[in-house]
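K.L.:
Supplied structure: work-v8.txt, compact mmCIF, C-alpha atoms.
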```txt
# COMPACT_ATOMS: atom_id res chain seq x y z
CA MET A 1 -38.95 -38.12 -30.87
CA PRO A 2 -42.52 -37.53 -29.65
CA ASN A 3 -43.63 -38.96 -26.33
CA SER A 4 -47.30 -38.91 -27.36
CA ALA A 5 -48.92 -41.00 -30.08
CA PRO A 6 -47.23 -40.45 -33.45
CA ARG A 7 -49.04 -38.81 -36.31
CA ILE A 8 -48.97 -41.33 -39.13
CA ASP A 9 -50.03 -40.22 -42.59
CA VAL A 10 -51.77 -43.34 -43.82
CA PRO A 11 -52.32 -43.55 -47.61
CA GLU A 12 -55.87 -43.31 -48.89
CA GLY A 13 -56.01 -46.98 -49.90
CA VAL A 14 -54.88 -48.20 -46.47
CA ARG A 15 -57.36 -45.89 -44.76
CA THR A 16 -60.17 -47.23 -46.98
CA CYS A 17 -59.32 -50.83 -46.05
CA GLY A 18 -59.26 -49.91 -42.37
CA GLU A 19 -62.63 -48.22 -42.58
CA ALA A 20 -64.17 -51.23 -44.34
CA LEU A 21 -62.84 -53.58 -41.68
CA ALA A 22 -64.01 -51.28 -38.86
CA ALA A 23 -67.48 -51.09 -40.42
CA ALA A 24 -67.60 -54.88 -40.30
CA GLY A 25 -66.85 -54.81 -36.56
CA GLY A 26 -63.06 -55.10 -36.53
CA ARG A 27 -60.46 -53.15 -34.61
CA VAL A 28 -57.66 -52.34 -37.02
CA PHE A 29 -54.04 -51.59 -36.18
CA LEU A 30 -51.12 -50.51 -38.29
CA VAL A 31 -48.26 -52.69 -37.07
CA GLY A 32 -44.53 -53.28 -37.36
CA GLY A 33 -42.16 -51.18 -39.41
CA ALA A 34 -44.59 -48.38 -40.26
CA VAL A 35 -44.92 -47.35 -36.61
CA ARG A 36 -41.20 -47.77 -35.92
CA ASP A 37 -40.14 -45.81 -38.99
CA THR A 38 -42.57 -42.98 -38.22
CA LEU A 39 -41.03 -42.56 -34.77
CA LEU A 40 -37.58 -42.60 -36.36
CA GLU A 41 -38.77 -39.95 -38.85
CA ARG A 42 -37.95 -42.25 -41.75
CA LYS A 43 -39.90 -42.83 -44.93
CA VAL A 44 -42.57 -45.51 -44.41
CA LYS A 45 -42.47 -48.21 -47.06
CA ASP A 46 -44.61 -51.05 -45.68
CA TYR A 47 -48.14 -50.69 -44.39
CA ASP A 48 -49.20 -53.90 -42.62
CA LEU A 49 -52.52 -54.21 -40.80
CA GLU A 50 -53.61 -56.53 -38.00
CA VAL A 51 -57.34 -56.98 -37.46
CA PHE A 52 -58.91 -57.92 -34.13
CA GLY A 53 -62.48 -59.10 -33.60
CA LEU A 54 -63.18 -60.57 -37.05
CA SER A 55 -62.86 -64.09 -38.41
CA ALA A 56 -60.79 -64.73 -41.51
CA PRO A 57 -63.87 -65.04 -43.77
CA ALA A 58 -65.24 -61.77 -42.37
CA VAL A 59 -61.92 -60.01 -43.05
CA LEU A 60 -61.88 -61.32 -46.60
CA GLU A 61 -65.49 -60.26 -47.20
CA ALA A 62 -64.90 -56.74 -45.87
CA LEU A 63 -61.72 -56.22 -47.90
CA ALA A 64 -63.24 -57.59 -51.07
CA ARG A 65 -65.80 -54.77 -51.01
CA VAL A 66 -63.10 -52.13 -51.49
CA ALA A 67 -60.03 -53.80 -53.01
CA ARG A 68 -58.56 -56.70 -54.92
CA VAL A 69 -57.62 -59.34 -52.34
CA GLU A 70 -55.41 -62.40 -52.58
CA PRO A 71 -55.42 -64.88 -49.65
CA ALA A 72 -51.95 -66.14 -48.73
CA GLY A 73 -50.29 -68.15 -45.98
CA ASP A 74 -50.84 -71.84 -45.35
CA ALA A 75 -50.43 -71.80 -41.58
CA PHE A 76 -52.45 -68.67 -40.72
CA PRO A 77 -54.62 -66.21 -42.64
CA VAL A 78 -52.86 -63.37 -44.41
CA PHE A 79 -54.48 -61.32 -47.15
CA LYS A 80 -52.46 -59.52 -49.81
CA VAL A 81 -54.18 -56.36 -50.99
CA ALA A 82 -52.93 -54.65 -54.15
CA SER A 83 -53.67 -51.67 -56.38
CA LEU A 84 -54.47 -49.35 -53.49
CA PRO A 85 -54.38 -45.56 -54.00
CA GLY A 86 -51.20 -44.09 -52.55
CA VAL A 87 -49.53 -47.48 -52.01
CA THR A 88 -46.69 -48.98 -54.03
CA GLY A 89 -47.00 -52.75 -54.17
CA GLN A 90 -49.14 -54.75 -51.74
CA ILE A 91 -50.10 -54.47 -48.10
CA ASP A 92 -50.52 -57.44 -45.76
CA VAL A 93 -53.67 -57.76 -43.68
CA ALA A 94 -53.47 -60.45 -40.99
CA LEU A 95 -55.24 -61.76 -37.93
CA PRO A 96 -53.50 -61.78 -34.53
CA ARG A 97 -51.74 -65.06 -33.89
CA ARG A 98 -49.75 -67.17 -31.44
CA ASP A 99 -46.44 -68.71 -32.51
CA SER A 100 -45.02 -71.91 -31.08
CA LYS A 101 -41.89 -73.92 -31.82
CA LYS A 102 -42.62 -77.26 -33.53
CA GLY A 103 -39.39 -77.98 -35.41
CA PRO A 104 -35.91 -76.68 -36.23
CA GLY A 105 -35.13 -73.47 -38.01
CA HIS A 106 -37.17 -70.54 -39.21
CA ARG A 107 -39.79 -72.81 -40.77
CA GLY A 108 -40.35 -74.76 -37.57
CA ILE A 109 -42.71 -72.12 -36.15
CA HIS A 110 -46.38 -73.08 -35.92
CA ALA A 111 -48.83 -70.17 -36.03
CA GLU A 112 -52.39 -70.20 -34.72
CA ALA A 113 -54.73 -67.30 -35.50
CA ASP A 114 -56.94 -65.91 -32.74
CA PRO A 115 -58.78 -62.69 -33.61
CA PHE A 116 -60.01 -62.28 -30.03
CA MET A 117 -56.72 -62.35 -28.14
CA PRO A 118 -55.71 -59.24 -26.16
CA VAL A 119 -53.57 -56.68 -27.93
CA GLU A 120 -50.75 -57.22 -25.41
CA GLU A 121 -50.64 -60.94 -26.17
CA ALA A 122 -50.65 -60.34 -29.91
CA ALA A 123 -47.70 -57.96 -29.58
CA ARG A 124 -45.78 -60.48 -27.45
CA ARG A 125 -44.91 -62.65 -30.47
CA ARG A 126 -42.89 -59.82 -32.05
CA ASP A 127 -39.11 -60.05 -31.97
CA PHE A 128 -38.07 -56.65 -30.60
CA THR A 129 -39.88 -53.96 -28.65
CA ILE A 130 -39.35 -51.47 -31.48
CA ASN A 131 -41.41 -53.77 -33.74
CA ALA A 132 -44.15 -54.48 -31.19
CA MET A 133 -45.83 -51.07 -31.31
CA MET A 134 -49.31 -50.83 -32.84
CA PHE A 135 -51.22 -47.79 -34.11
CA ASP A 136 -55.02 -47.86 -33.83
CA LEU A 137 -56.31 -46.51 -37.15
CA ALA A 138 -59.69 -45.47 -35.75
CA SER A 139 -58.63 -43.72 -32.54
CA GLY A 140 -55.09 -42.66 -33.46
CA ALA A 141 -53.82 -44.18 -30.20
CA LEU A 142 -50.45 -45.89 -29.88
CA ALA A 143 -50.47 -49.33 -28.21
CA ASP A 144 -46.97 -49.89 -26.86
CA PRO A 145 -47.16 -52.56 -24.14
CA TYR A 146 -43.43 -53.38 -24.17
CA GLY A 147 -41.88 -49.92 -24.28
CA GLY A 148 -40.77 -49.77 -27.91
CA ALA A 149 -40.97 -45.96 -28.10
CA ARG A 150 -38.85 -45.66 -24.95
CA ASP A 151 -36.25 -48.04 -26.37
CA LEU A 152 -36.14 -46.15 -29.67
CA GLU A 153 -35.56 -42.90 -27.82
CA ALA A 154 -32.70 -44.56 -25.87
CA ARG A 155 -31.38 -46.16 -29.10
CA VAL A 156 -31.64 -49.64 -27.58
CA LEU A 157 -32.59 -52.93 -29.27
CA ARG A 158 -34.34 -55.23 -26.79
CA VAL A 159 -36.28 -58.50 -27.14
CA VAL A 160 -39.97 -58.60 -26.27
CA ASP A 161 -40.13 -62.08 -24.72
CA PRO A 162 -36.83 -63.82 -23.84
CA SER A 163 -38.63 -67.13 -23.28
CA THR A 164 -39.69 -67.41 -26.94
CA PHE A 165 -37.17 -65.21 -28.75
CA THR A 166 -34.75 -68.06 -29.48
CA ASP A 167 -37.46 -70.16 -31.16
CA ASP A 168 -36.51 -68.50 -34.45
CA PRO A 169 -32.72 -68.30 -35.00
CA LEU A 170 -33.23 -65.81 -37.84
CA ARG A 171 -33.85 -63.22 -35.14
CA ALA A 172 -30.14 -63.17 -34.26
CA LEU A 173 -29.36 -61.90 -37.75
CA ARG A 174 -32.30 -59.50 -37.63
CA ALA A 175 -30.79 -58.04 -34.45
CA ALA A 176 -27.52 -57.38 -36.28
CA GLN A 177 -29.14 -55.73 -39.28
CA PHE A 178 -31.54 -53.64 -37.19
CA ALA A 179 -28.64 -52.45 -35.01
CA ALA A 180 -26.72 -51.47 -38.15
CA ARG A 181 -29.61 -49.87 -40.06
CA PHE A 182 -31.02 -47.88 -37.18
CA GLU A 183 -27.74 -47.36 -35.24
CA LEU A 184 -28.99 -49.02 -32.08
CA ARG A 185 -27.14 -50.52 -29.13
CA VAL A 186 -28.08 -54.17 -28.57
CA GLU A 187 -29.10 -54.61 -24.94
CA PRO A 188 -26.67 -57.07 -23.21
CA ALA A 189 -29.22 -59.79 -22.39
CA THR A 190 -30.50 -59.61 -25.98
CA ALA A 191 -26.94 -59.93 -27.31
CA ARG A 192 -26.37 -63.04 -25.17
CA LEU A 193 -29.56 -64.63 -26.50
CA CYS A 194 -28.50 -63.90 -30.08
CA ALA A 195 -25.06 -65.41 -29.53
CA SER A 196 -26.65 -68.65 -28.29
CA MET A 197 -28.85 -69.26 -31.34
CA PRO A 198 -28.11 -72.06 -33.86
CA LEU A 199 -27.69 -70.22 -37.16
CA GLY A 200 -26.87 -73.52 -38.87
CA GLU A 201 -30.60 -74.31 -38.89
CA LEU A 202 -31.25 -71.44 -41.32
CA PRO A 203 -31.38 -71.78 -45.12
CA PRO A 204 -28.68 -69.76 -46.95
CA ASP A 205 -31.16 -67.47 -48.68
CA ARG A 206 -32.55 -66.23 -45.36
CA ILE A 207 -29.05 -65.59 -44.02
CA PHE A 208 -28.10 -63.68 -47.17
CA GLY A 209 -31.30 -61.64 -47.02
CA GLU A 210 -30.52 -60.23 -43.57
CA ILE A 211 -26.85 -59.56 -44.40
CA GLU A 212 -27.90 -57.82 -47.61
CA LYS A 213 -30.21 -55.46 -45.71
CA ALA A 214 -27.43 -54.54 -43.31
CA LEU A 215 -24.90 -53.92 -46.09
CA LEU A 216 -27.21 -51.98 -48.42
CA GLN A 217 -29.42 -50.06 -45.99
CA ALA A 218 -27.11 -49.16 -43.11
CA ARG A 219 -25.11 -45.93 -43.18
CA ARG A 220 -22.29 -47.78 -41.38
CA PRO A 221 -22.81 -51.56 -41.67
CA SER A 222 -19.92 -52.32 -39.29
```
Could you express the structure from this file as structure tokens?
P.N.:
Amino acid sequence: MPNSAPRIDVPEGVRTCGEALAAAGGRVFLVGGAVRDTLLERKVKDYDLEVFGLSAPAVLEALARVARVEPAGDAFPVFKVASLPGVTGQIDVALPRRDSKKGPGHRGIHAEADPFMPVEEAARRRDFTINAMMFDLASGALADPYGGARDLEARVLRVVDPSTFTDDPLRALRAAQFAARFELRVEPATARLCASMPLGELPPDRIFGEIEKALLQARRPS
């Protein structure tokens, strides 16, 4: 696994969206699973972008110049972009946001967009360090404020922020399926947090979704 920034082959359509957003004054990062899967030398399936420095209307205007865009998300701005060259399905383009607990369960999370927050703060809302890495499309630099690359190399699954991790009980099941799919060891403090979370707050379809991923995508689900 490389210690330097990964080389990510971004499809033409994703690159075009990034360039349009950068031309409008945004700083554009590839986030989440695409960075993680590249470091694991796995096939990248999802290309999600996070845009700093632009308001939601400015993001929509820039994307609409180069692609077909569909706004989505009631609580915070997310834009679905489809029919991109080299991409199967849609990509999500979102603004950085803060999450806070307002009610029970997975749906009790309130999100507030803030395109001008620091990159480190934006990454803090992620569940695990391996999902908190961000790849700057313009510079090719890897932003990894919580040591996700180090944890991947050590095959460890670790929470980003223990003080907010338990706000969403779905994360306990995500820990199990990530550990199975990527053959990771759950760090002891992370395992204790997961064991304390009230899974009864979750709707059955969300529980089934995480179990299904573990069973169908892990080489050894046990």
K.L.:
My list of candidates is A:Glu183, A:Asp37, A:Asp136, A:Glu210. Which is closest to A:Glu50 when distances are computed with all atoms listed in the file?
P.N.:
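Among the listed residues, A:Asp136 lies closest to A:Glu50.
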K.L.:
Atom CA of A:Arg126 and atom CA of A:Ser196, how far apart in Å?
P.N.:
18.9 Å
K.L.:
Point out the residue among A:Pro71, A:Pro85, A:Pro96, A:Gly13 with the least atom-to-atom distance to A:Val28, counting all atoms listed in the file.
P.N.:
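With all atoms listed in the file as the atom set, the closest residue is A:Pro96.
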K.L.:
Which residues come within 10 Å of A:Leu21, counting only C-alpha atoms, excluding same-chain residues fewer than 3 positions away, as a VMD selection string?
P.N.:
chain A and resid 15 to 18 24 to 28 51 to 54 58 to 63 65 to 66
K.L.:
Using the selection just defined, write its residues with C-alpha atoms as an mmCIF file, in the coordinates of the input.
P.N.:
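Dumped everything to again_35.cif:
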```cif
data_model
loop_
_atom_site.group_PDB
_atom_site.id
_atom_site.type_symbol
_atom_site.label_atom_id
_atom_site.label_comp_id
_atom_site.auth_asym_id
_atom_site.auth_seq_id
_atom_site.Cartn_x
_atom_site.Cartn_y
_atom_site.Cartn_z
ATOM 1 C CA ARG A 15 -57.360 -45.890 -44.760
ATOM 2 C CA THR A 16 -60.170 -47.230 -46.980
ATOM 3 C CA CYS A 17 -59.320 -50.830 -46.050
ATOM 4 C CA GLY A 18 -59.260 -49.910 -42.370
ATOM 5 C CA ALA A 24 -67.600 -54.880 -40.300
ATOM 6 C CA GLY A 25 -66.850 -54.810 -36.560
ATOM 7 C CA GLY A 26 -63.060 -55.100 -36.530
ATOM 8 C CA ARG A 27 -60.460 -53.150 -34.610
ATOM 9 C CA VAL A 28 -57.660 -52.340 -37.020
ATOM 10 C CA VAL A 51 -57.340 -56.980 -37.460
ATOM 11 C CA PHE A 52 -58.910 -57.920 -34.130
ATOM 12 C CA GLY A 53 -62.480 -59.100 -33.600
ATOM 13 C CA LEU A 54 -63.180 -60.570 -37.050
ATOM 14 C CA ALA A 58 -65.240 -61.770 -42.370
ATOM 15 C CA VAL A 59 -61.920 -60.010 -43.050
ATOM 16 C CA LEU A 60 -61.880 -61.320 -46.600
ATOM 17 C CA GLU A 61 -65.490 -60.260 -47.200
ATOM 18 C CA ALA A 62 -64.900 -56.740 -45.870
ATOM 19 C CA LEU A 63 -61.720 -56.220 -47.900
ATOM 20 C CA ARG A 65 -65.800 -54.770 -51.010
ATOM 21 C CA VAL A 66 -63.100 -52.130 -51.490
#
```
K.L.:
Using all atoms listed in the file, which residue out of A:Lys43, A:Arg36, A:Arg98, A:Arg68 lies closest to A:Met134?
P.N.:
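Of A:Lys43, A:Arg36, A:Arg98, A:Arg68, the one nearest A:Met134 is A:Arg36, counting all atoms listed in the file.
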K.L.:
Pick from A:Asp127, A:Glu153, A:Asp48, A:Glu201: nearest to A:Ala94, with all atoms listed in the file counted?
P.N.:
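So, comparing all the options, the nearest one is A:Asp48.
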K.L.:
List the neighbours of A:Ala113 out to 10 Å using only C-alpha atoms; skip same-chain residues closer than 6 positions along the sequence, and give me the result as a list of chain:residue names.
P.N.:
A:Ser55, A:Ala56, A:Ala75, A:Phe76, A:Pro77, A:Val78, A:Ala94, A:Leu95, A:Pro96, A:Arg97, A:Arg98, A:Asp99, A:Ala122
K.L.:
Residues near A:Met133, anyone? I mean within 8 Å using only C-alpha atoms, not counting same-chain ones fewer than 4 positions away, as a PyMOL selection string.
P.N.:
chain A and resi 31-32+35-36+123+129+142-146+148-149
K.L.:
Could those residues be written to a file, using C-alpha atoms, as an mmCIF file, keeping the file's coordinate frame?
P.N.:
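Generated output (selection-v5.cif):
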```cif
data_model
loop_
_atom_site.group_PDB
_atom_site.id
_atom_site.type_symbol
_atom_site.label_atom_id
_atom_site.label_comp_id
_atom_site.auth_asym_id
_atom_site.auth_seq_id
_atom_site.Cartn_x
_atom_site.Cartn_y
_atom_site.Cartn_z
ATOM 1 C CA VAL A 31 -48.260 -52.690 -37.070
ATOM 2 C CA GLY A 32 -44.530 -53.280 -37.360
ATOM 3 C CA VAL A 35 -44.920 -47.350 -36.610
ATOM 4 C CA ARG A 36 -41.200 -47.770 -35.920
ATOM 5 C CA ALA A 123 -47.700 -57.960 -29.580
ATOM 6 C CA THR A 129 -39.880 -53.960 -28.650
ATOM 7 C CA LEU A 142 -50.450 -45.890 -29.880
ATOM 8 C CA ALA A 143 -50.470 -49.330 -28.210
ATOM 9 C CA ASP A 144 -46.970 -49.890 -26.860
ATOM 10 C CA PRO A 145 -47.160 -52.560 -24.140
ATOM 11 C CA TYR A 146 -43.430 -53.380 -24.170
ATOM 12 C CA GLY A 148 -40.770 -49.770 -27.910
ATOM 13 C CA ALA A 149 -40.970 -45.960 -28.100
#
```
K.L.:
Go ahead and compute the interatomic distance for atom CA of A:Ala22 and atom CA of A:Leu39, in Å to one decimal.
P.N.:
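Going from atom CA of A:Ala22 over to atom CA of A:Leu39, I get 24.9 Å.
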K.L.:
What is the distance, in Å and to one decimal place, between atom CA of A:Asp114 and atom CA of A:Ala23?
P.N.:
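Straight-line distance from atom CA of A:Asp114 to atom CA of A:Ala23 works out to 19.7 Å.
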K.L.:
Which residues are near A:Ile211? Cut-off 10 Å, only C-alpha atoms, ignore same chain within fewer than 4 positions. Put them as an MDAnalysis selection string.
P.N.:
chainID A and resid 173:174 176:177 205:207 215:217 221
K.L.:
Skipping near chain neighbours, those fewer than 3 positions away, what residues fall within 12 Å of A:Val156 using only C-alpha atoms, listed as a list of chain:residue names?
P.N.:
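Surrounding residues, per the criterion: A:Phe128, A:Thr129, A:Ile130, A:Gly147, A:Gly148, A:Ala149, A:Arg150, A:Asp151, A:Leu152, A:Glu153, A:Val159, A:Ala175, A:Phe178, A:Ala179, A:Ala180, A:Phe182, A:Glu183, A:Leu184, A:Arg185, A:Val186, A:Glu187, A:Pro188, A:Ala189, A:Thr190, A:Ala191.
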K.L.:
Taking all atoms listed in the file into account, which of A:Leu30, A:Leu49, A:Ala20, A:Val14 comes nearest A:Gly140?
P.N.:
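Looking at the shortest contact to A:Gly140, the residue is A:Leu30.
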K.L.:
Reconstruct stretch 34-59 of chain A at the level of N, CA and C atoms, and format the result as an mmCIF file, keeping the file's coordinate frame.
P.N.:
```
data_model
loop_
_atom_site.group_PDB
_atom_site.id
_atom_site.type_symbol
_atom_site.label_atom_id
_atom_site.label_comp_id
_atom_site.auth_asym_id
_atom_site.auth_seq_id
_atom_site.Cartn_x
_atom_site.Cartn_y
_atom_site.Cartn_z
ATOM 1 N N ALA A 34 -44.003 -49.699 -40.001
ATOM 2 C CA ALA A 34 -44.590 -48.380 -40.260
ATOM 3 C C ALA A 34 -44.582 -47.518 -39.006
ATOM 4 N N VAL A 35 -44.907 -48.103 -37.861
ATOM 5 C CA VAL A 35 -44.920 -47.350 -36.610
ATOM 6 C C VAL A 35 -43.492 -47.002 -36.206
ATOM 7 N N ARG A 36 -42.618 -47.991 -36.262
ATOM 8 C CA ARG A 36 -41.200 -47.770 -35.920
ATOM 9 C C ARG A 36 -40.585 -46.672 -36.784
ATOM 10 N N ASP A 37 -40.777 -46.764 -38.089
ATOM 11 C CA ASP A 37 -40.140 -45.810 -38.990
ATOM 12 C C ASP A 37 -40.712 -44.398 -38.832
ATOM 13 N N THR A 38 -41.996 -44.302 -38.490
ATOM 14 C CA THR A 38 -42.570 -42.980 -38.220
ATOM 15 C C THR A 38 -41.887 -42.335 -37.022
ATOM 16 N N LEU A 39 -41.697 -43.106 -35.953
ATOM 17 C CA LEU A 39 -41.030 -42.560 -34.770
ATOM 18 C C LEU A 39 -39.583 -42.192 -35.055
ATOM 19 N N LEU A 40 -38.952 -42.910 -35.985
ATOM 20 C CA LEU A 40 -37.580 -42.600 -36.360
ATOM 21 C C LEU A 40 -37.497 -41.496 -37.412
ATOM 22 N N GLU A 41 -38.684 -40.995 -37.825
ATOM 23 C CA GLU A 41 -38.770 -39.950 -38.850
ATOM 24 C C GLU A 41 -38.134 -40.410 -40.156
ATOM 25 N N ARG A 42 -38.400 -41.663 -40.484
ATOM 26 C CA ARG A 42 -37.950 -42.250 -41.750
ATOM 27 C C ARG A 42 -39.142 -42.431 -42.679
ATOM 28 N N LYS A 43 -38.848 -42.591 -43.947
ATOM 29 C CA LYS A 43 -39.900 -42.830 -44.930
ATOM 30 C C LYS A 43 -40.532 -44.193 -44.686
ATOM 31 N N VAL A 44 -41.853 -44.247 -44.622
ATOM 32 C CA VAL A 44 -42.570 -45.510 -44.410
ATOM 33 C C VAL A 44 -42.766 -46.198 -45.748
ATOM 34 N N LYS A 45 -42.361 -47.464 -45.820
ATOM 35 C CA LYS A 45 -42.470 -48.210 -47.060
ATOM 36 C C LYS A 45 -43.537 -49.312 -46.990
ATOM 37 N N ASP A 46 -43.689 -49.917 -45.823
ATOM 38 C CA ASP A 46 -44.610 -51.050 -45.680
ATOM 39 C C ASP A 46 -45.746 -50.698 -44.734
ATOM 40 N N TYR A 47 -46.954 -50.934 -45.204
ATOM 41 C CA TYR A 47 -48.140 -50.690 -44.390
ATOM 42 C C TYR A 47 -48.838 -52.031 -44.149
ATOM 43 N N ASP A 48 -48.594 -52.618 -42.970
ATOM 44 C CA ASP A 48 -49.200 -53.900 -42.620
ATOM 45 C C ASP A 48 -50.278 -53.679 -41.559
ATOM 46 N N LEU A 49 -51.401 -54.350 -41.724
ATOM 47 C CA LEU A 49 -52.520 -54.210 -40.800
ATOM 48 C C LEU A 49 -52.757 -55.509 -40.059
ATOM 49 N N GLU A 50 -53.185 -55.378 -38.797
ATOM 50 C CA GLU A 50 -53.610 -56.530 -38.000
ATOM 51 C C GLU A 50 -55.023 -56.231 -37.506
ATOM 52 N N VAL A 51 -55.910 -57.205 -37.692
ATOM 53 C CA VAL A 51 -57.340 -56.980 -37.460
ATOM 54 C C VAL A 51 -57.820 -57.857 -36.310
ATOM 55 N N PHE A 52 -58.377 -57.227 -35.291
ATOM 56 C CA PHE A 52 -58.910 -57.920 -34.130
ATOM 57 C C PHE A 52 -60.439 -57.958 -34.234
ATOM 58 N N GLY A 53 -61.026 -59.036 -33.728
ATOM 59 C CA GLY A 53 -62.480 -59.100 -33.600
ATOM 60 C C GLY A 53 -63.224 -59.626 -34.799
ATOM 61 N N LEU A 54 -62.520 -60.031 -35.861
ATOM 62 C CA LEU A 54 -63.180 -60.570 -37.050
ATOM 63 C C LEU A 54 -62.548 -61.908 -37.425
ATOM 64 N N SER A 55 -63.372 -62.833 -37.886
ATOM 65 C CA SER A 55 -62.860 -64.090 -38.410
ATOM 66 C C SER A 55 -62.195 -63.863 -39.758
ATOM 67 N N ALA A 56 -61.437 -64.852 -40.209
ATOM 68 C CA ALA A 56 -60.790 -64.730 -41.510
ATOM 69 C C ALA A 56 -61.795 -64.527 -42.644
ATOM 70 N N PRO A 57 -62.886 -65.286 -42.691
ATOM 71 C CA PRO A 57 -63.870 -65.040 -43.770
ATOM 72 C C PRO A 57 -64.464 -63.633 -43.707
ATOM 73 N N ALA A 58 -64.677 -63.114 -42.496
ATOM 74 C CA ALA A 58 -65.240 -61.770 -42.370
ATOM 75 C C ALA A 58 -64.240 -60.717 -42.842
ATOM 76 N N VAL A 59 -62.953 -60.928 -42.564
ATOM 77 C CA VAL A 59 -61.920 -60.010 -43.050
ATOM 78 C C VAL A 59 -61.888 -60.012 -44.574
#
```
